[in-house]
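K.L.:
For reference, this is entry.tsv, and it has TSV, C-alpha atoms and all ligand atoms.
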chain	number	residue	atom	x	y	z
A	1377	MET	CA	-159.61	23.67	-6.89
A	1378	ASP	CA	-159.88	21.88	-10.21
A	1379	GLN	CA	-160.78	18.17	-9.87
A	1380	ILE	CA	-157.70	17.04	-11.76
A	1381	SER	CA	-155.23	19.06	-9.69
A	1382	GLY	CA	-157.01	18.04	-6.47
A	1383	SER	CA	-156.70	14.34	-7.36
A	1384	ILE	CA	-153.03	14.76	-8.23
A	1385	ILE	CA	-152.23	16.50	-4.93
A	1386	GLN	CA	-154.14	13.93	-2.92
A	1387	TRP	CA	-152.33	11.09	-4.65
A	1388	TYR	CA	-148.94	12.81	-4.18
A	1389	HIS	CA	-149.35	13.05	-0.41
A	1390	VAL	CA	-149.78	9.29	-0.24
A	1391	ALA	CA	-147.45	8.04	-2.99
A	1392	LYS	CA	-144.50	10.44	-3.00
A	1393	ARG	CA	-140.96	9.21	-2.60
A	1394	ASP	CA	-138.80	10.74	0.12
A	1395	LEU	CA	-136.09	12.47	-1.84
A	1396	PRO	CA	-133.61	14.82	-0.16
A	1397	TRP	CA	-134.45	17.81	-2.35
A	1398	ARG	CA	-138.07	17.49	-1.23
A	1399	GLN	CA	-137.03	17.97	2.38
A	1400	THR	CA	-135.45	21.36	1.88
A	1401	THR	CA	-136.40	24.81	0.70
A	1402	ASP	CA	-132.76	25.82	0.21
A	1403	PRO	CA	-132.68	27.21	-3.36
A	1404	TYR	CA	-129.09	26.07	-3.87
A	1405	HIS	CA	-129.98	22.44	-3.07
A	1406	ILE	CA	-133.08	22.59	-5.26
A	1407	TRP	CA	-131.17	24.20	-8.11
A	1408	LEU	CA	-128.50	21.53	-7.93
A	1409	SER	CA	-131.06	18.71	-7.92
A	1410	GLU	CA	-132.86	20.18	-10.92
A	1411	VAL	CA	-129.66	20.56	-12.92
A	1412	ILE	CA	-128.50	17.01	-12.10
A	1413	LEU	CA	-131.89	15.46	-12.85
A	1414	GLN	CA	-132.30	17.17	-16.22
A	1415	GLN	CA	-130.53	14.35	-18.02
A	1416	THR	CA	-129.91	11.80	-15.29
A	1417	ARG	CA	-132.04	9.13	-13.63
A	1418	ILE	CA	-132.77	9.62	-9.93
A	1419	ALA	CA	-130.93	6.47	-8.85
A	1420	GLN	CA	-127.69	7.73	-10.39
A	1421	GLY	CA	-128.30	11.42	-9.69
A	1422	LEU	CA	-128.86	10.93	-5.95
A	1423	ALA	CA	-125.28	9.84	-5.27
A	1424	TYR	CA	-123.89	12.79	-7.23
A	1425	TYR	CA	-126.25	15.20	-5.48
A	1426	ASN	CA	-125.10	14.05	-2.03
A	1427	LYS	CA	-121.43	14.03	-2.98
A	1428	PHE	CA	-121.59	17.42	-4.67
A	1429	LEU	CA	-123.21	19.00	-1.60
A	1430	GLU	CA	-120.56	17.47	0.61
A	1431	ILE	CA	-117.77	19.03	-1.47
A	1432	PHE	CA	-119.58	22.28	-2.36
A	1433	PRO	CA	-122.07	22.83	0.50
A	1434	ASN	CA	-123.11	26.30	-0.58
A	1435	VAL	CA	-123.07	28.57	-3.57
A	1436	GLU	CA	-120.04	30.58	-2.34
A	1437	ILE	CA	-117.88	27.48	-2.01
A	1438	LEU	CA	-118.94	26.35	-5.47
A	1439	ALA	CA	-118.19	29.81	-6.88
A	1440	ASN	CA	-114.70	29.80	-5.36
A	1441	ALA	CA	-113.81	26.34	-6.69
A	1442	SER	CA	-111.82	25.96	-9.89
A	1443	GLU	CA	-113.54	24.68	-13.03
A	1444	ASP	CA	-111.34	21.57	-12.90
A	1445	GLN	CA	-112.57	20.77	-9.37
A	1446	VAL	CA	-116.20	21.15	-10.42
A	1447	LEU	CA	-115.73	18.98	-13.51
A	1448	GLU	CA	-113.86	16.39	-11.46
A	1449	HIS	CA	-116.90	15.85	-9.25
A	1450	TRP	CA	-119.21	15.81	-12.26
A	1451	GLN	CA	-117.23	13.02	-13.93
A	1452	GLY	CA	-119.49	10.20	-15.07
A	1453	LEU	CA	-122.69	12.27	-15.18
A	1454	GLY	CA	-122.13	13.47	-18.75
A	1455	TYR	CA	-123.52	16.64	-20.34
A	1456	TYR	CA	-120.67	18.62	-18.82
A	1457	SER	CA	-122.08	21.93	-20.01
A	1458	ARG	CA	-124.46	21.57	-17.06
A	1459	ALA	CA	-121.52	21.63	-14.64
A	1460	ARG	CA	-119.87	24.57	-16.38
A	1461	ASN	CA	-123.13	26.56	-16.39
A	1462	LEU	CA	-123.73	25.69	-12.74
A	1463	HIS	CA	-120.28	26.97	-11.88
A	1464	ALA	CA	-120.67	30.14	-13.97
A	1465	SER	CA	-124.06	30.87	-12.38
A	1466	ALA	CA	-122.63	30.29	-8.90
A	1467	LYS	CA	-119.90	32.84	-9.62
A	1468	TYR	CA	-122.52	35.28	-10.86
A	1469	ILE	CA	-124.75	34.79	-7.78
A	1470	SER	CA	-121.71	35.20	-5.56
A	1471	SER	CA	-120.44	38.38	-7.22
A	1472	HIS	CA	-123.77	40.09	-7.96
A	1473	PHE	CA	-126.00	38.89	-5.11
A	1474	ASN	CA	-123.56	38.12	-2.28
A	1475	GLY	CA	-124.28	34.42	-2.68
A	1476	LYS	CA	-128.01	34.84	-2.06
A	1477	PHE	CA	-130.54	33.63	-4.64
A	1478	PRO	CA	-133.23	36.09	-5.82
A	1479	GLU	CA	-136.47	34.94	-4.18
A	1480	ASN	CA	-138.84	34.96	-7.12
A	1481	TYR	CA	-139.07	33.85	-10.75
A	1482	GLU	CA	-138.48	37.35	-12.14
A	1483	GLY	CA	-135.17	37.63	-10.28
A	1484	LEU	CA	-134.12	34.04	-10.92
A	1485	ILE	CA	-134.65	34.21	-14.68
A	1486	GLN	CA	-132.21	37.14	-14.86
A	1487	LEU	CA	-129.39	34.87	-13.65
A	1488	LYS	CA	-126.89	33.82	-16.25
A	1489	GLY	CA	-127.28	30.12	-17.02
A	1490	ILE	CA	-130.74	29.73	-15.42
A	1491	GLY	CA	-133.53	29.26	-17.95
A	1492	ASP	CA	-137.32	29.23	-17.71
A	1493	TYR	CA	-137.61	25.64	-16.44
A	1494	THR	CA	-135.01	25.96	-13.68
A	1495	ALA	CA	-136.19	29.40	-12.57
A	1496	SER	CA	-139.77	28.07	-12.34
A	1497	ALA	CA	-138.64	25.00	-10.40
A	1498	ILE	CA	-136.63	27.04	-7.87
A	1499	ALA	CA	-139.43	29.61	-7.55
A	1500	SER	CA	-142.00	26.88	-6.93
A	1501	PHE	CA	-139.98	24.45	-4.79
A	1502	ALA	CA	-137.92	26.89	-2.73
A	1503	PHE	CA	-140.24	29.91	-2.52
A	1504	HIS	CA	-143.67	28.30	-3.14
A	1505	GLU	CA	-144.41	30.78	-5.91
A	1506	ASP	CA	-147.35	29.86	-8.17
A	1507	LYS	CA	-145.36	28.92	-11.28
A	1508	VAL	CA	-145.86	25.88	-13.48
A	1509	VAL	CA	-142.92	23.53	-13.88
A	1510	VAL	CA	-143.09	21.63	-17.16
A	1511	ASP	CA	-140.53	18.88	-17.65
A	1512	GLY	CA	-140.60	15.70	-19.76
A	1513	ASN	CA	-142.75	13.88	-17.20
A	1514	VAL	CA	-145.35	16.64	-17.17
A	1515	ILE	CA	-145.40	16.78	-20.97
A	1516	ARG	CA	-146.09	13.04	-21.09
A	1517	VAL	CA	-148.88	13.14	-18.50
A	1518	VAL	CA	-150.66	16.16	-19.97
A	1519	SER	CA	-150.39	15.16	-23.63
A	1520	ARG	CA	-151.99	11.80	-22.73
A	1521	LEU	CA	-154.55	13.37	-20.44
A	1522	LEU	CA	-155.72	15.68	-23.23
A	1523	GLY	CA	-155.09	13.19	-26.05
A	1524	ILE	CA	-152.81	15.62	-27.87
A	1525	ASP	CA	-151.16	13.83	-30.75
A	1526	SER	CA	-149.11	16.71	-32.20
A	1527	ASP	CA	-145.34	16.61	-31.96
A	1528	VAL	CA	-144.13	17.32	-28.40
A	1529	ARG	CA	-140.72	18.28	-29.79
A	1530	GLN	CA	-142.38	21.37	-31.27
A	1531	ALA	CA	-142.50	24.57	-29.23
A	1532	LYS	CA	-146.15	25.26	-30.09
A	1533	THR	CA	-147.23	21.90	-28.62
A	1534	VAL	CA	-145.31	22.60	-25.43
A	1535	ILE	CA	-146.90	26.06	-25.20
A	1536	GLN	CA	-150.34	24.44	-25.56
A	1537	LEU	CA	-149.57	21.92	-22.81
A	1538	LYS	CA	-148.09	24.57	-20.54
A	1539	SER	CA	-151.11	26.81	-20.86
A	1540	PHE	CA	-153.36	23.90	-19.86
A	1541	VAL	CA	-151.22	23.25	-16.78
A	1542	GLU	CA	-151.41	26.96	-15.93
A	1543	SER	CA	-155.20	26.78	-16.15
A	1544	ILE	CA	-155.42	24.05	-13.50
A	1545	LEU	CA	-152.58	25.25	-11.26
A	1546	PRO	CA	-154.08	25.58	-7.77
A	1547	LYS	CA	-153.00	28.91	-6.31
A	1548	GLY	CA	-151.21	28.54	-3.00
A	1549	GLU	CA	-150.77	24.78	-3.52
A	1550	SER	CA	-148.68	24.85	-6.66
A	1551	TYR	CA	-145.70	23.31	-4.85
A	1552	PHE	CA	-147.61	20.06	-4.20
A	1553	PHE	CA	-149.27	20.12	-7.60
A	1554	ASN	CA	-145.96	20.53	-9.46
A	1555	GLN	CA	-144.27	17.86	-7.38
A	1556	GLY	CA	-147.32	15.62	-7.79
A	1557	ILE	CA	-147.65	15.80	-11.55
A	1558	MET	CA	-143.91	15.22	-12.00
A	1559	GLU	CA	-144.07	12.26	-9.63
A	1560	LEU	CA	-147.10	10.90	-11.48
A	1561	GLY	CA	-145.08	10.96	-14.71
A	1562	ALA	CA	-142.13	9.29	-13.00
A	1563	LEU	CA	-144.06	6.50	-11.24
A	1564	ILE	CA	-147.41	5.89	-12.99
A	1565	CYS	CA	-147.62	7.59	-16.37
A	1566	ILE	CA	-144.35	6.05	-17.44
A	1567	PRO	CA	-143.17	6.03	-21.08
A	1568	ARG	CA	-144.06	2.37	-21.81
A	1569	ASN	CA	-147.09	0.57	-20.36
A	1570	PRO	CA	-148.37	3.32	-18.06
A	1571	LYS	CA	-150.15	2.03	-14.96
A	1572	CYS	CA	-153.50	3.59	-15.84
A	1573	GLY	CA	-155.34	1.37	-13.34
A	1574	GLU	CA	-153.45	3.09	-10.50
A	1575	CYS	CA	-153.72	6.60	-11.90
A	1576	PRO	CA	-155.66	9.22	-9.92
A	1577	ILE	CA	-156.78	11.05	-13.08
A	1578	GLN	CA	-157.72	8.09	-15.25
A	1579	THR	CA	-161.38	9.06	-15.48
A	1580	HIS	CA	-160.30	12.31	-17.22
A	1581	CYS	CA	-157.70	10.78	-19.50
A	1582	VAL	CA	-158.33	10.74	-23.25
A	1583	ALA	CA	-155.34	8.54	-24.18
A	1584	SER	CA	-156.35	5.90	-21.67
A	1585	LYS	CA	-159.98	5.89	-22.87
A	1586	LYS	CA	-159.01	5.71	-26.54
A	1587	ASN	CA	-156.15	3.30	-26.07
A	1588	LEU	CA	-153.57	5.78	-27.37
A	1589	THR	CA	-150.99	5.59	-24.59
A	1590	GLU	CA	-148.42	3.91	-26.84
A	1591	VAL	CA	-148.60	6.65	-29.50
A	1592	ILE	CA	-148.88	9.69	-27.22
A	1593	PRO	CA	-146.71	11.63	-26.59
A	1594	PHE	CA	-145.82	11.74	-30.26
A	1595	LYS	CA	-142.19	12.64	-30.95
A	1596	SER	CA	-140.85	13.27	-34.44
A	1597	LYS	CA	-137.60	11.51	-35.29
A	1598	LEU	CA	-134.38	13.33	-34.46
A	1599	LYS	CA	-131.94	14.08	-37.26
A	1600	THR	CA	-129.39	11.35	-37.89
A	1601	LYS	CA	-126.41	11.59	-35.65
A	1602	LYS	CA	-123.10	12.83	-36.95
A	1603	VAL	CA	-120.49	10.04	-36.91
A	1604	ARG	CA	-116.95	10.91	-35.76
A	1605	PHE	CA	-113.80	8.87	-35.31
A	1606	LEU	CA	-111.63	9.99	-32.41
A	1607	ASN	CA	-108.26	8.28	-32.25
A	1608	TYR	CA	-106.37	8.98	-29.05
A	1609	LEU	CA	-102.68	8.69	-28.45
A	1610	LEU	CA	-102.03	8.37	-24.75
A	1611	ILE	CA	-98.39	9.19	-24.13
A	1612	GLU	CA	-96.90	7.79	-20.94
A	1613	ALA	CA	-93.41	8.54	-19.66
A	1614	LYS	CA	-92.00	8.01	-16.20
A	1615	ASN	CA	-95.45	7.21	-14.76
A	1616	GLU	CA	-96.96	10.40	-16.09
A	1617	PHE	CA	-99.53	10.81	-18.86
A	1618	LEU	CA	-99.88	13.62	-21.34
A	1619	PHE	CA	-103.34	15.26	-21.41
A	1620	ILE	CA	-104.68	18.26	-23.29
A	1621	LYS	CA	-107.51	20.48	-22.11
A	1622	ARG	CA	-110.31	20.75	-24.68
A	1623	GLY	CA	-111.27	24.20	-25.88
A	1624	ALA	CA	-114.64	25.80	-26.55
A	1625	GLY	CA	-116.86	25.21	-29.57
A	1626	ASP	CA	-117.08	21.42	-29.51
A	1627	ILE	CA	-118.12	18.60	-27.18
A	1628	TRP	CA	-116.43	18.17	-23.78
A	1629	GLU	CA	-115.31	21.77	-23.32
A	1630	GLY	CA	-112.90	22.10	-20.40
A	1631	LEU	CA	-112.29	18.36	-20.00
A	1632	TYR	CA	-108.90	16.69	-20.45
A	1633	GLU	CA	-108.09	14.13	-23.13
A	1634	PRO	CA	-104.99	12.44	-24.56
A	1635	LEU	CA	-103.55	13.65	-27.90
A	1636	LEU	CA	-106.37	13.50	-30.42
A	1637	ILE	CA	-106.19	12.52	-34.05
A	1638	GLU	CA	-109.66	12.91	-35.54
A	1639	ALA	CA	-109.86	11.04	-38.83
A	1640	GLU	CA	-112.25	9.58	-41.40
A	1641	THR	CA	-111.95	6.18	-39.83
A	1642	ALA	CA	-111.15	4.41	-36.56
A	1643	PHE	CA	-107.47	3.45	-36.42
A	1644	ASP	CA	-107.05	-0.29	-36.05
A	1645	SER	CA	-103.28	-0.54	-35.91
A	1646	PHE	CA	-100.37	1.26	-34.32
A	1647	ASP	CA	-99.08	2.17	-37.81
A	1648	SER	CA	-101.91	4.67	-38.23
A	1649	PHE	CA	-100.65	6.62	-35.23
A	1650	ILE	CA	-97.02	6.70	-36.32
A	1651	GLY	CA	-97.44	9.87	-38.39
A	1652	HIS	CA	-97.98	11.92	-35.23
A	1653	GLU	CA	-95.00	14.23	-34.66
A	1654	ILE	CA	-94.40	13.04	-31.11
A	1655	LEU	CA	-93.78	9.53	-32.45
A	1656	SER	CA	-91.82	10.53	-35.54
A	1657	ASP	CA	-89.19	12.33	-33.43
A	1658	PRO	CA	-86.27	9.83	-33.24
A	1659	ASN	CA	-85.38	11.15	-29.75
A	1660	ASN	CA	-88.61	9.76	-28.36
A	1661	ALA	CA	-87.74	6.09	-28.02
A	1662	ILE	CA	-90.76	3.84	-27.60
A	1663	GLU	CA	-90.72	1.26	-24.85
A	1664	ASN	CA	-94.19	-0.21	-25.17
A	1665	VAL	CA	-97.40	0.16	-27.19
A	1666	ARG	CA	-100.91	-0.98	-26.34
A	1667	LEU	CA	-103.94	-0.44	-28.53
A	1668	LEU	CA	-107.59	-0.82	-27.62
A	1669	PRO	CA	-110.15	-1.59	-30.32
A	1670	ALA	CA	-112.59	1.21	-31.18
A	1671	LYS	CA	-115.50	1.62	-28.81
A	1672	LYS	CA	-118.80	3.22	-29.75
A	1673	HIS	CA	-119.97	6.11	-27.62
A	1674	ILE	CA	-123.31	7.82	-28.19
A	1675	LEU	CA	-123.99	11.47	-27.42
A	1676	THR	CA	-127.27	13.28	-28.07
A	1677	HIS	CA	-126.30	14.42	-31.56
A	1678	GLN	CA	-123.18	12.42	-32.31
A	1679	GLU	CA	-122.04	8.84	-32.64
A	1680	LEU	CA	-118.39	8.54	-31.67
A	1681	TRP	CA	-115.97	5.72	-32.39
A	1682	VAL	CA	-113.12	6.07	-29.96
A	1683	THR	CA	-109.77	4.33	-30.16
A	1684	LEU	CA	-107.03	4.61	-27.58
A	1685	CYS	CA	-103.38	3.78	-28.16
A	1686	LEU	CA	-101.10	3.89	-25.15
A	1687	VAL	CA	-97.47	4.58	-26.01
A	1688	ARG	CA	-94.90	4.38	-23.24
A	1689	LEU	CA	-91.79	6.42	-23.99
A	1690	LYS	CA	-88.41	5.85	-22.40
A	1691	ILE	CA	-87.95	9.52	-21.56
A	1692	LYS	CA	-90.38	12.34	-21.04
A	1693	PRO	CA	-90.34	14.49	-24.20
A	1694	PRO	CA	-90.65	18.28	-24.05
A	1695	VAL	CA	-94.14	19.28	-25.19
A	1696	LEU	CA	-95.53	22.65	-26.14
A	1697	ALA	CA	-99.11	22.06	-25.09
A	1698	GLY	CA	-100.77	19.94	-22.43
A	1699	VAL	CA	-100.11	18.81	-18.90
A	1700	TRP	CA	-98.38	15.77	-17.50
A	1701	VAL	CA	-100.63	13.91	-15.07
A	1702	LYS	CA	-99.15	11.53	-12.51
A	1703	THR	CA	-100.71	8.05	-12.33
A	1704	GLU	CA	-102.20	8.74	-8.90
A	1705	LYS	CA	-103.87	11.93	-10.19
A	1706	LEU	CA	-105.50	10.25	-13.21
A	1707	ASN	CA	-108.84	9.64	-11.47
A	1708	ALA	CA	-109.12	13.22	-10.30
A	1709	THR	CA	-108.46	14.66	-13.75
A	1710	PRO	CA	-111.81	15.66	-15.30
A	1711	LYS	CA	-112.22	13.75	-18.54
A	1712	PRO	CA	-114.97	12.41	-20.79
A	1713	ILE	CA	-116.60	9.25	-19.47
A	1714	ILE	CA	-115.49	7.28	-22.54
A	1715	ILE	CA	-111.84	8.11	-21.76
A	1716	SER	CA	-112.33	6.88	-18.18
A	1717	LYS	CA	-113.85	3.66	-19.54
A	1718	LEU	CA	-110.95	3.12	-21.95
A	1719	LEU	CA	-108.41	3.73	-19.19
A	1720	SER	CA	-110.19	1.13	-17.05
A	1721	ALA	CA	-110.16	-1.29	-19.98
A	1722	LEU	CA	-106.43	-0.69	-20.40
A	1723	GLU	CA	-105.89	-1.37	-16.73
A	1724	ALA	CA	-107.95	-4.54	-16.98
A	1725	GLY	CA	-105.78	-5.71	-19.86
A	1726	GLN	CA	-108.47	-5.78	-22.57
A	1727	LEU	CA	-105.87	-5.29	-25.26
A	1728	HIS	CA	-106.02	-5.59	-28.96
A	1729	LEU	CA	-102.31	-5.47	-29.54
A	1730	ASP	CA	-99.39	-5.52	-27.21
A	1731	PHE	CA	-96.13	-4.52	-28.76
A	1732	LYS	CA	-92.83	-4.26	-26.97
A	1733	SER	CA	-89.70	-2.91	-28.56
B	1801	LIG	S1	-154.62	7.33	-17.17
B	1801	LIG	FE1	-152.78	6.37	-17.91
B	1801	LIG	S2	-152.17	7.55	-19.67
B	1801	LIG	FE2	-153.68	8.76	-18.58
B	1801	LIG	S3	-152.47	10.08	-17.29
B	1801	LIG	FE3	-152.97	8.30	-16.08
B	1801	LIG	S4	-151.27	6.86	-16.37
B	1801	LIG	FE4	-151.12	8.46	-17.94
Before we go any further, please render this structure as structure tokens.
Ligand code: SF4

P.N.:
Amino acid sequence: MDQISGSIIQWYHVAKRDLPWRQTTDPYHIWLSEVILQQTRIAQGLAYYNKFLEIFPNVEILANASEDQVLEHWQGLGYYSRARNLHASAKYISSHFNGKFPENYEGLIQLKGIGDYTASAIASFAFHEDKVVVDGNVIRVVSRLLGIDSDVRQAKTVIQLKSFVESILPKGESYFFNQGIMELGALICIPRNPKCGECPIQTHCVASKKNLTEVIPFKSKLKTKKVRFLNYLLIEAKNEFLFIKRGAGDIWEGLYEPLLIEAETAFDSFDSFIGHEILSDPNNAIENVRLLPAKKHILTHQELWVTLCLVRLKIKPPVLAGVWVKTEKLNATPKPIIISKLLSALEAGQLHLDFKS
């Protein structure tokens, strides 16, 4: 076995954290953990992982759930496309494979919604197949180890790093090696101030020797984020709230939101909302208005400024689109995290304006 991989495996056996997805070879559990941890820290992801398995203990149960149920239990994790893809893949596995995962990379990669990384992770962690698993932690460790200062956002750099990992992958022990190198990135070779003194591969590490750990991995700047102003009109009548399900082709597909007025600016007064047809109808008498100041919400490629205006009507108006949600069902309605935060702020009385007719 290569010296580097041997040192990593040895270190892993001593230093590893006991995480539930490391105590199972069930591909469904491993798949779920990989999807959750793609954009979520372990501390937060753990609770969701446990809860999700409680509600959807196997792939068949997940496949038979409605999209709303799946999104409801994903609320707060963000990146909802992960939940929708998970659900779609579960349906596919259920209908094409009787709920049983293919047992190797070649079969797994054919599954709708499962890409190279996830297929490699399931193949390695559930079926102990000799596949490399290259995530952000591995990229950081290996680029420092080799002193590679080219842009790790570029595919050719990742290919270079991956082929190095393949060259030191110990056949038959790849499970421990993959877990080990990921754990090393999570615990020792951390983004800022890596703990090189505790690192099992320090003697081989170029970045540590040349004092380059703060500049490697090099990442080019992302494009500037698109700025959007989302002004929400939350209509309440008789203890029910009007929500609309978002369609495809934009952020938050499949989640529920109040009536949206997207504009060039964040609305800072009730007057800006008055033009909406539901408010201009004289039959819809207003009982109460509450407006929250705009809150900033950052997504990967967008900067959102979100305003929420709650308008309580005296009677429930007929509406062509949307669903009325009872107060007690508000929590269970899958919605963007920023909407949940604004609803909590409303409840806590953090109001900008409180107008009563
Ligand atoms: S020696 Fe330091 S920089 Fe190099 S791999 Fe180990 S922790 Fe990372």

K.L.:
Would you mind telling me which residue in A:Ser1496, A:Ser1519, A:Ser1471, A:Thr1676 lies nearest to Gly1483 of chain A when using all atoms listed in the file?

P.N.:
A:Ser1496

K.L.:
As a ChimeraX atom specification, please: every protein or nucleic acid residue near ligand LIG 1801 (chain B) (cut-off 6 Å, counting only C-alpha atoms and all ligand atoms).

P.N.:
/A:1517,1520-1521,1564-1565,1570-1572,1575,1577-1578,1581,1583-1584,1589

K.L.:
Neighbouring residues of Asn1607 of chain A were defined as those with any atom within 9 Å, considering all atoms listed in the file; residues of the same chain fewer than 4 positions away were excluded. Please report them as a PyMOL selection string.

P.N.:
chain A and resi 1635-1639+1641-1643+1649+1670+1681-1685

K.L.:
Only C-alpha atoms, please: the residues just picked out, written as an mmCIF file, in the coordinates of the input.

P.N.:
data_model
loop_
_atom_site.group_PDB
_atom_site.id
_atom_site.type_symbol
_atom_site.label_atom_id
_atom_site.label_comp_id
_atom_site.auth_asym_id
_atom_site.auth_seq_id
_atom_site.Cartn_x
_atom_site.Cartn_y
_atom_site.Cartn_z
ATOM 1 C CA LEU A 1635 -103.550 13.650 -27.900
ATOM 2 C CA LEU A 1636 -106.370 13.500 -30.420
ATOM 3 C CA ILE A 1637 -106.190 12.520 -34.050
ATOM 4 C CA GLU A 1638 -109.660 12.910 -35.540
ATOM 5 C CA ALA A 1639 -109.860 11.040 -38.830
ATOM 6 C CA THR A 1641 -111.950 6.180 -39.830
ATOM 7 C CA ALA A 1642 -111.150 4.410 -36.560
ATOM 8 C CA PHE A 1643 -107.470 3.450 -36.420
ATOM 9 C CA PHE A 1649 -100.650 6.620 -35.230
ATOM 10 C CA ALA A 1670 -112.590 1.210 -31.180
ATOM 11 C CA TRP A 1681 -115.970 5.720 -32.390
ATOM 12 C CA VAL A 1682 -113.120 6.070 -29.960
ATOM 13 C CA THR A 1683 -109.770 4.330 -30.160
ATOM 14 C CA LEU A 1684 -107.030 4.610 -27.580
ATOM 15 C CA CYS A 1685 -103.380 3.780 -28.160
#

K.L.:
Quick one: which segment 1514-1597 of chain A residues come within 12 Å of segment 1398-1417 of chain A, and what is the nearest atom pair for each with the distance in Å to one decimal, counting only C-alpha atoms, rows ordered by chain and ascending number, as CSV?

P.N.:
residue,atom,partner,partner_atom,distance
A:Tyr1551,CA,A:Arg1398,CA,10.3
A:Phe1552,CA,A:Arg1398,CA,10.3
A:Asn1554,CA,A:Arg1398,CA,11.8
A:Gln1555,CA,A:Arg1398,CA,8.7
A:Gly1556,CA,A:Arg1398,CA,11.5
A:Glu1559,CA,A:Arg1398,CA,11.6
A:Ala1562,CA,A:Arg1417,CA,10.1

K.L.:
Can you spit out the residues from that selection as a short mmCIF file (atom, residue, chain, number, x, y, z; two decimals), in the frame of the given file, using C-alpha atoms?

P.N.:
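The new file again.cif reads:
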data_model
loop_
_atom_site.label_atom_id
_atom_site.label_comp_id
_atom_site.auth_asym_id
_atom_site.auth_seq_id
_atom_site.Cartn_x
_atom_site.Cartn_y
_atom_site.Cartn_z
CA TYR A 1551 -145.70 23.31 -4.85
CA PHE A 1552 -147.61 20.06 -4.20
CA ASN A 1554 -145.96 20.53 -9.46
CA GLN A 1555 -144.27 17.86 -7.38
CA GLY A 1556 -147.32 15.62 -7.79
CA GLU A 1559 -144.07 12.26 -9.63
CA ALA A 1562 -142.13 9.29 -13.00
#

K.L.:
Of the candidates A:Lys1585, A:Leu1667, A:Pro1546, A:Lys1711, which shows the shortest atom-to-atom distance to Arg1622 of chain A, using all atoms listed in the file?

P.N.:
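Looking at the shortest contact to Arg1622 of chain A, the residue is A:Lys1711.
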
K.L.:
Interatomic distance between atom CA of Ile1627 of chain A and atom CA of Asp1647 of chain A?

P.N.:
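Atom CA of Asp1647 of chain A lies 27.3 Å from atom CA of Ile1627 of chain A.
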
K.L.:
I need every residue sitting at most 9 Å from the point (-144.4, 4.2, -23.9) (coordinates as in the file, all atoms listed in the file considered), written as a ChimeraX atom specification.

P.N.:
/A:1565-1570,1589-1593

K.L.:
How many Å lie between atom CA of Glu1549 of chain A and atom CA of Lys1507 of chain A, rounded to one decimal?

P.N.:
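One can read the atom CA of Glu1549 of chain A to atom CA of Lys1507 of chain A distance as 10.3 Å.
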